[in-house]
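> Handing over run.pdb, PDB, C-alpha atoms.
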```pdb
ATOM      1  CA  MET N   1      26.625  52.248  27.638
ATOM      2  CA  ASN N   2      24.119  49.422  27.890
ATOM      3  CA  GLN N   3      22.581  48.475  24.560
ATOM      4  CA  SER N   4      19.448  46.372  24.328
ATOM      5  CA  ARG N   5      20.328  44.849  20.956
ATOM      6  CA  PRO N   6      21.249  41.181  21.510
ATOM      7  CA  LYS N   7      25.010  40.716  21.517
ATOM      8  CA  VAL N   8      24.914  37.757  19.104
ATOM      9  CA  LYS N   9      22.863  39.654  16.516
ATOM     10  CA  LYS N  10      25.128  42.660  16.881
ATOM     11  CA  SER N  11      28.184  40.410  16.506
ATOM     12  CA  ARG N  12      26.845  38.953  13.268
ATOM     13  CA  ALA N  13      25.996  42.398  11.900
ATOM     14  CA  LEU N  14      29.524  43.647  12.563
ATOM     15  CA  GLY N  15      31.302  40.437  11.555
ATOM     16  CA  ILE N  16      33.133  39.967  14.876
ATOM     17  CA  ALA N  17      32.373  37.869  17.957
ATOM     18  CA  LEU N  18      31.776  40.288  20.839
ATOM     19  CA  THR N  19      31.247  37.550  23.440
ATOM     20  CA  PRO N  20      32.382  33.922  23.836
ATOM     21  CA  LYS N  21      28.744  32.882  23.277
ATOM     22  CA  ALA N  22      28.747  34.653  19.907
ATOM     23  CA  VAL N  23      31.655  32.495  18.705
ATOM     24  CA  LYS N  24      29.393  29.413  18.597
ATOM     25  CA  TYR N  25      26.711  31.203  16.617
ATOM     26  CA  PHE N  26      29.303  32.485  14.164
ATOM     27  CA  GLU N  27      30.339  28.934  13.343
ATOM     28  CA  SER N  28      26.790  27.967  12.364
ATOM     29  CA  ARG N  29      25.671  31.312  10.870
ATOM     30  CA  PRO N  30      28.690  33.168   9.461
ATOM     31  CA  TYR N  31      26.583  35.888   7.796
ATOM     32  CA  PRO N  32      24.675  39.007   8.922
ATOM     33  CA  PRO N  33      21.245  38.672  10.594
ATOM     34  CA  GLY N  34      17.949  39.211   8.798
ATOM     35  CA  GLU N  35      16.325  37.740   5.690
ATOM     36  CA  HIS N  36      18.824  39.501   3.418
ATOM     37  CA  GLY N  37      21.848  38.480   5.454
ATOM     38  CA  ARG N  38      23.167  36.129   2.777
ATOM     39  CA  GLY N  39      22.273  38.391  -0.138
ATOM     40  CA  ARG N  40      24.648  40.251  -2.399
ATOM     41  CA  LYS N  41      26.174  43.270  -0.667
ATOM     42  CA  GLN N  42      27.222  46.552  -2.251
ATOM     43  CA  ASN N  43      29.737  48.358  -0.078
ATOM     44  CA  SER N  44      30.636  51.977  -0.684
ATOM     45  CA  ASP N  45      33.921  53.407   0.624
ATOM     46  CA  TYR N  46      31.919  55.293   3.246
ATOM     47  CA  LYS N  47      30.097  52.147   4.372
ATOM     48  CA  VAL N  48      33.364  50.196   4.700
ATOM     49  CA  ARG N  49      34.873  52.917   6.894
ATOM     50  CA  LEU N  50      31.693  53.307   8.931
ATOM     51  CA  LEU N  51      31.532  49.562   9.600
ATOM     52  CA  GLU N  52      35.170  49.491  10.727
ATOM     53  CA  LYS N  53      34.522  52.381  13.114
ATOM     54  CA  GLN N  54      31.424  50.624  14.506
ATOM     55  CA  ARG N  55      33.394  47.410  14.963
ATOM     56  CA  LEU N  56      36.051  49.206  16.991
ATOM     57  CA  ARG N  57      33.418  50.987  19.091
ATOM     58  CA  ALA N  58      31.650  47.700  19.803
ATOM     59  CA  GLN N  59      34.815  45.936  20.951
ATOM     60  CA  TYR N  60      35.306  48.583  23.639
ATOM     61  CA  ASP N  61      31.548  49.106  24.215
ATOM     62  CA  ILE N  62      31.841  52.894  24.028
ATOM     63  CA  SER N  63      29.581  55.672  22.766
ATOM     64  CA  GLU N  64      30.244  57.728  19.649
ATOM     65  CA  ARG N  65      31.051  60.725  21.849
ATOM     66  CA  GLN N  66      33.695  58.736  23.757
ATOM     67  CA  MET N  67      35.142  57.522  20.462
ATOM     68  CA  VAL N  68      35.429  61.054  19.078
ATOM     69  CA  ARG N  69      37.158  62.244  22.258
ATOM     70  CA  ALA N  70      39.660  59.372  22.035
ATOM     71  CA  TYR N  71      40.285  60.185  18.363
ATOM     72  CA  ASP N  72      40.890  63.861  19.172
ATOM     73  CA  ARG N  73      43.488  62.875  21.786
ATOM     74  CA  ALA N  74      45.125  60.395  19.384
ATOM     75  CA  ARG N  75      45.511  63.077  16.699
ATOM     76  CA  LYS N  76      47.775  65.057  19.038
ATOM     77  CA  VAL N  77      50.171  62.142  19.533
ATOM     78  CA  GLU N  78      53.298  61.853  17.379
ATOM     79  CA  GLY N  79      53.274  58.926  14.994
ATOM     80  CA  LYS N  80      50.340  57.084  13.416
ATOM     81  CA  THR N  81      46.968  58.379  14.588
ATOM     82  CA  GLY N  82      45.285  54.980  14.124
ATOM     83  CA  GLU N  83      47.749  53.166  16.364
ATOM     84  CA  ALA N  84      47.557  55.960  18.940
ATOM     85  CA  LEU N  85      43.752  55.627  18.924
ATOM     86  CA  ILE N  86      43.845  51.890  19.687
ATOM     87  CA  ILE N  87      46.415  52.432  22.458
ATOM     88  CA  GLU N  88      44.288  55.246  23.892
ATOM     89  CA  LEU N  89      41.237  52.960  24.039
ATOM     90  CA  GLU N  90      43.231  50.043  25.431
ATOM     91  CA  ARG N  91      44.284  52.137  28.437
ATOM     92  CA  ARG N  92      40.659  52.389  29.582
ATOM     93  CA  LEU N  93      40.147  50.732  32.960
ATOM     94  CA  ASP N  94      37.354  48.425  31.785
ATOM     95  CA  ALA N  95      39.437  47.226  28.815
ATOM     96  CA  LEU N  96      42.373  46.318  31.054
ATOM     97  CA  VAL N  97      40.107  44.576  33.592
ATOM     98  CA  LEU N  98      39.003  42.382  30.674
ATOM     99  CA  ARG N  99      42.542  41.755  29.362
ATOM    100  CA  SER N 100      43.805  40.819  32.834
ATOM    101  CA  GLY N 101      41.350  37.920  33.131
ATOM    102  CA  LEU N 102      39.271  39.483  35.912
ATOM    103  CA  ALA N 103      36.229  39.555  33.594
ATOM    104  CA  ARG N 104      34.920  37.387  30.772
ATOM    105  CA  THR N 105      33.559  40.131  28.496
ATOM    106  CA  ILE N 106      33.905  43.890  28.115
ATOM    107  CA  TYR N 107      30.309  44.180  29.356
ATOM    108  CA  GLN N 108      31.120  42.334  32.577
ATOM    109  CA  ALA N 109      34.312  44.363  33.036
ATOM    110  CA  ARG N 110      32.370  47.593  32.649
ATOM    111  CA  GLN N 111      29.801  46.454  35.200
ATOM    112  CA  MET N 112      32.517  45.529  37.710
ATOM    113  CA  VAL N 113      33.964  49.037  37.479
ATOM    114  CA  VAL N 114      30.621  50.881  37.576
ATOM    115  CA  HIS N 115      29.501  48.908  40.646
ATOM    116  CA  GLY N 116      32.588  50.014  42.563
ATOM    117  CA  HIS N 117      34.410  46.680  42.791
ATOM    118  CA  ILE N 118      37.720  47.979  41.377
ATOM    119  CA  GLU N 119      40.402  50.218  42.860
ATOM    120  CA  VAL N 120      43.465  51.852  41.285
ATOM    121  CA  ASN N 121      46.454  52.543  43.513
ATOM    122  CA  GLY N 122      44.274  51.935  46.574
ATOM    123  CA  ARG N 123      41.455  54.296  45.562
ATOM    124  CA  LYS N 124      38.026  53.199  44.323
ATOM    125  CA  VAL N 125      37.402  54.081  40.681
ATOM    126  CA  ASP N 126      33.913  53.631  39.214
ATOM    127  CA  LYS N 127      34.502  55.215  35.785
ATOM    128  CA  PRO N 128      35.127  52.635  33.035
ATOM    129  CA  SER N 129      36.768  55.373  30.945
ATOM    130  CA  PHE N 130      39.449  56.010  33.605
ATOM    131  CA  ARG N 131      42.813  56.027  31.790
ATOM    132  CA  VAL N 132      45.305  53.713  33.467
ATOM    133  CA  ARG N 133      48.933  54.867  33.408
ATOM    134  CA  PRO N 134      52.111  52.762  33.437
ATOM    135  CA  GLU N 135      52.970  51.556  36.968
ATOM    136  CA  ASP N 136      49.337  51.908  38.117
ATOM    137  CA  VAL N 137      48.214  48.922  40.222
ATOM    138  CA  VAL N 138      44.613  47.785  39.760
ATOM    139  CA  ARG N 139      42.946  45.328  42.112
ATOM    140  CA  VAL N 140      39.542  44.077  43.220
ATOM    141  CA  ARG N 141      38.491  45.843  46.411
ATOM    142  CA  GLU N 142      38.709  43.799  49.620
ATOM    143  CA  ARG N 143      34.960  43.898  50.249
ATOM    144  CA  SER N 144      34.180  42.517  46.754
ATOM    145  CA  ARG N 145      36.598  39.583  46.566
ATOM    146  CA  ALA N 146      34.178  36.959  47.881
ATOM    147  CA  LYS N 147      31.700  37.587  45.039
ATOM    148  CA  ALA N 148      31.225  34.717  42.605
ATOM    149  CA  PRO N 149      32.677  36.323  39.428
ATOM    150  CA  PHE N 150      35.910  37.153  41.248
ATOM    151  CA  GLN N 151      36.167  33.650  42.691
ATOM    152  CA  VAL N 152      35.930  32.334  39.119
ATOM    153  CA  ALA N 153      38.581  34.840  38.025
ATOM    154  CA  ARG N 154      40.902  33.810  40.872
ATOM    155  CA  GLU N 155      40.773  30.206  39.635
ATOM    156  CA  GLY N 156      41.641  31.375  36.117
ATOM    157  CA  GLY N 157      38.112  30.843  34.823
ATOM    158  CA  TRP N 158      38.134  33.870  32.545
ATOM    159  CA  ALA N 159      41.840  33.891  31.692
ATOM    160  CA  GLY N 160      41.380  30.972  29.310
ATOM    161  CA  GLU N 161      39.392  33.193  26.930
ATOM    162  CA  GLY N 162      42.602  34.782  25.651
ATOM    163  CA  GLU N 163      46.328  35.185  26.274
ATOM    164  CA  THR N 164      47.359  37.850  28.795
ATOM    165  CA  PRO N 165      49.055  40.728  26.924
ATOM    166  CA  ARG N 166      52.723  41.403  27.677
ATOM    167  CA  TYR N 167      52.090  44.947  28.879
ATOM    168  CA  LEU N 168      50.243  43.623  31.938
ATOM    169  CA  GLU N 169      51.681  41.906  34.983
ATOM    170  CA  VAL N 170      48.801  39.866  36.406
ATOM    171  CA  ASN N 171      48.391  38.095  39.753
ATOM    172  CA  LEU N 172      44.997  36.393  39.633
ATOM    173  CA  GLN N 173      45.400  34.887  43.107
ATOM    174  CA  ALA N 174      45.627  38.432  44.460
ATOM    175  CA  LEU N 175      42.944  39.613  41.984
ATOM    176  CA  ALA N 176      45.330  42.349  40.886
ATOM    177  CA  PHE N 177      47.374  43.529  37.932
ATOM    178  CA  ARG N 178      49.765  46.294  36.970
ATOM    179  CA  LEU N 179      50.153  48.143  33.681
ATOM    180  CA  ASP N 180      53.898  47.815  33.135
ATOM    181  CA  ARG N 181      54.068  50.116  30.100
ATOM    182  CA  ASP N 182      52.005  51.541  27.270
ATOM    183  CA  PRO N 183      50.854  48.775  24.916
ATOM    184  CA  ASN N 184      52.151  48.362  21.367
ATOM    185  CA  ARG N 185      49.442  48.177  18.708
ATOM    186  CA  LYS N 186      50.476  44.688  17.558
ATOM    187  CA  GLU N 187      50.050  43.360  21.119
ATOM    188  CA  ILE N 188      46.461  44.579  21.491
ATOM    189  CA  PRO N 189      43.935  41.808  20.683
ATOM    190  CA  VAL N 190      41.490  44.017  18.775
ATOM    191  CA  LEU N 191      40.255  43.233  15.256
ATOM    192  CA  CYS N 192      40.432  46.511  13.379
ATOM    193  CA  ASP N 193      41.943  48.234  10.372
ATOM    194  CA  GLU N 194      42.504  51.455  12.281
ATOM    195  CA  GLN N 195      43.525  53.375   9.157
ATOM    196  CA  LEU N 196      39.934  53.054   7.898
ATOM    197  CA  VAL N 197      38.698  54.513  11.198
ATOM    198  CA  VAL N 198      41.070  57.461  10.840
ATOM    199  CA  GLU N 199      39.851  58.008   7.261
ATOM    200  CA  TYR N 200      36.250  57.938   8.500
ATOM    201  CA  TYR N 201      36.852  60.746  11.001
ATOM    202  CA  ALA N 202      39.150  62.716   8.678
ATOM    203  CA  ARG N 203      36.571  62.892   5.882
TER     204      ARG N 203
END
```
Write out the structure in this file as structure tokens.


Amino acid sequence: MNQSRPKVKKSRALGIALTPKAVKYFESRPYPPGEHGRGRKQNSDYKVRLLEKQRLRAQYDISERQMVRAYDRARKVEGKTGEALIIELERRLDALVLRSGLARTIYQARQMVVHGHIEVNGRKVDKPSFRVRPEDVVRVRERSRAKAPFQVAREGGWAGEGETPRYLEVNLQALAFRLDRDPNRKEIPVLCDEQLVVEYYAR
């Protein structure tokens, strides 16, 4: 899902930094883009819930259709639907490639998968939405390891952007990681009030 809207402008509109570059701009312009960005805002309950849903979608770079499908699956899980939704999204292959430190942004992680650089349990997977299961081993394919982004990853160049979550066992030297278990919501580094997202879809 490649969107032409500049990532920094989108980050400011949603109130979250979607890329490391956006963090710098946030520090100097911590308000929405446009001439009315610093004006008085009137937020309805619907608008608050819509914005939260858009923020979650943007952090995983997924379409509305993909989001609805994930929500439908989460509703069938015992427990809190909001937490189940975040866990469902976190198990996407592109999300875990990002968390492992193999990519710098969700956009780069998605591109790595789509271009066929990633394999799961020895088989090439080029669908970013592929749902990784506990004990699955994900690695960069042999033929892709010499490429510049993976050389940076091997040296830990992307890992410094955030702490590796506990549900992953990562070996950057081998350009590989394993999902040890399903994540817990509190371990997932996503900024979201998931209850608002559930209320948006349940309306």

> Counting all atoms listed in the file, what are the residues of stretch 119-180 of chain N within 10 Å of stretch 186-195 of chain N, and for each of them which pair of atoms is the nearest and at what distance in Å, to one decimal? Sort the table by chain and rising number, as CSV.


```
residue,atom,partner,partner_atom,distance
N:Gly162,CA,N:Pro189,CA,8.7
N:Glu163,CA,N:Pro189,CA,9.0
N:Thr164,CA,N:Pro189,CA,9.7
N:Pro165,CA,N:Glu187,CA,6.5
N:Arg166,CA,N:Glu187,CA,7.3
N:Tyr167,CA,N:Glu187,CA,8.2
```

> Looking at only C-alpha atoms, which of N:Leu196, N:Leu18, N:Ala202, N:Ala95 is the one that sits closest to N:Leu50?

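The answer is N:Leu196, which sits nearest to N:Leu50.
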
> One number please: atom CA of N:Thr105 to atom CA of N:Arg57, in Å, one decimal.

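Taking atom CA of N:Thr105 and atom CA of N:Arg57, their separation equals 14.4 Å.
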
> Find, counting only C-alpha atoms, the residue in N:Lys7, N:Arg92, N:Arg181, N:Arg69 that gets nearest to N:Tyr201.

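Residue with the minimum atom-to-atom distance to N:Tyr201: N:Arg69.
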
> For the provided coordinates, the residues matched by the PyMOL selection byres ((chain N and resi 123) around 12) should be stated as a list in words.

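Checking the PyMOL selection byres ((chain N and resi 123) around 12) against this file, the residues are Gly116, His117, Ile118, Glu119, Val120, Asn121, Gly122, Lys124, Val125, Asp126, Asp136, Val137, Val138, Arg139, Val140, Arg141 and Glu142 of chain N.
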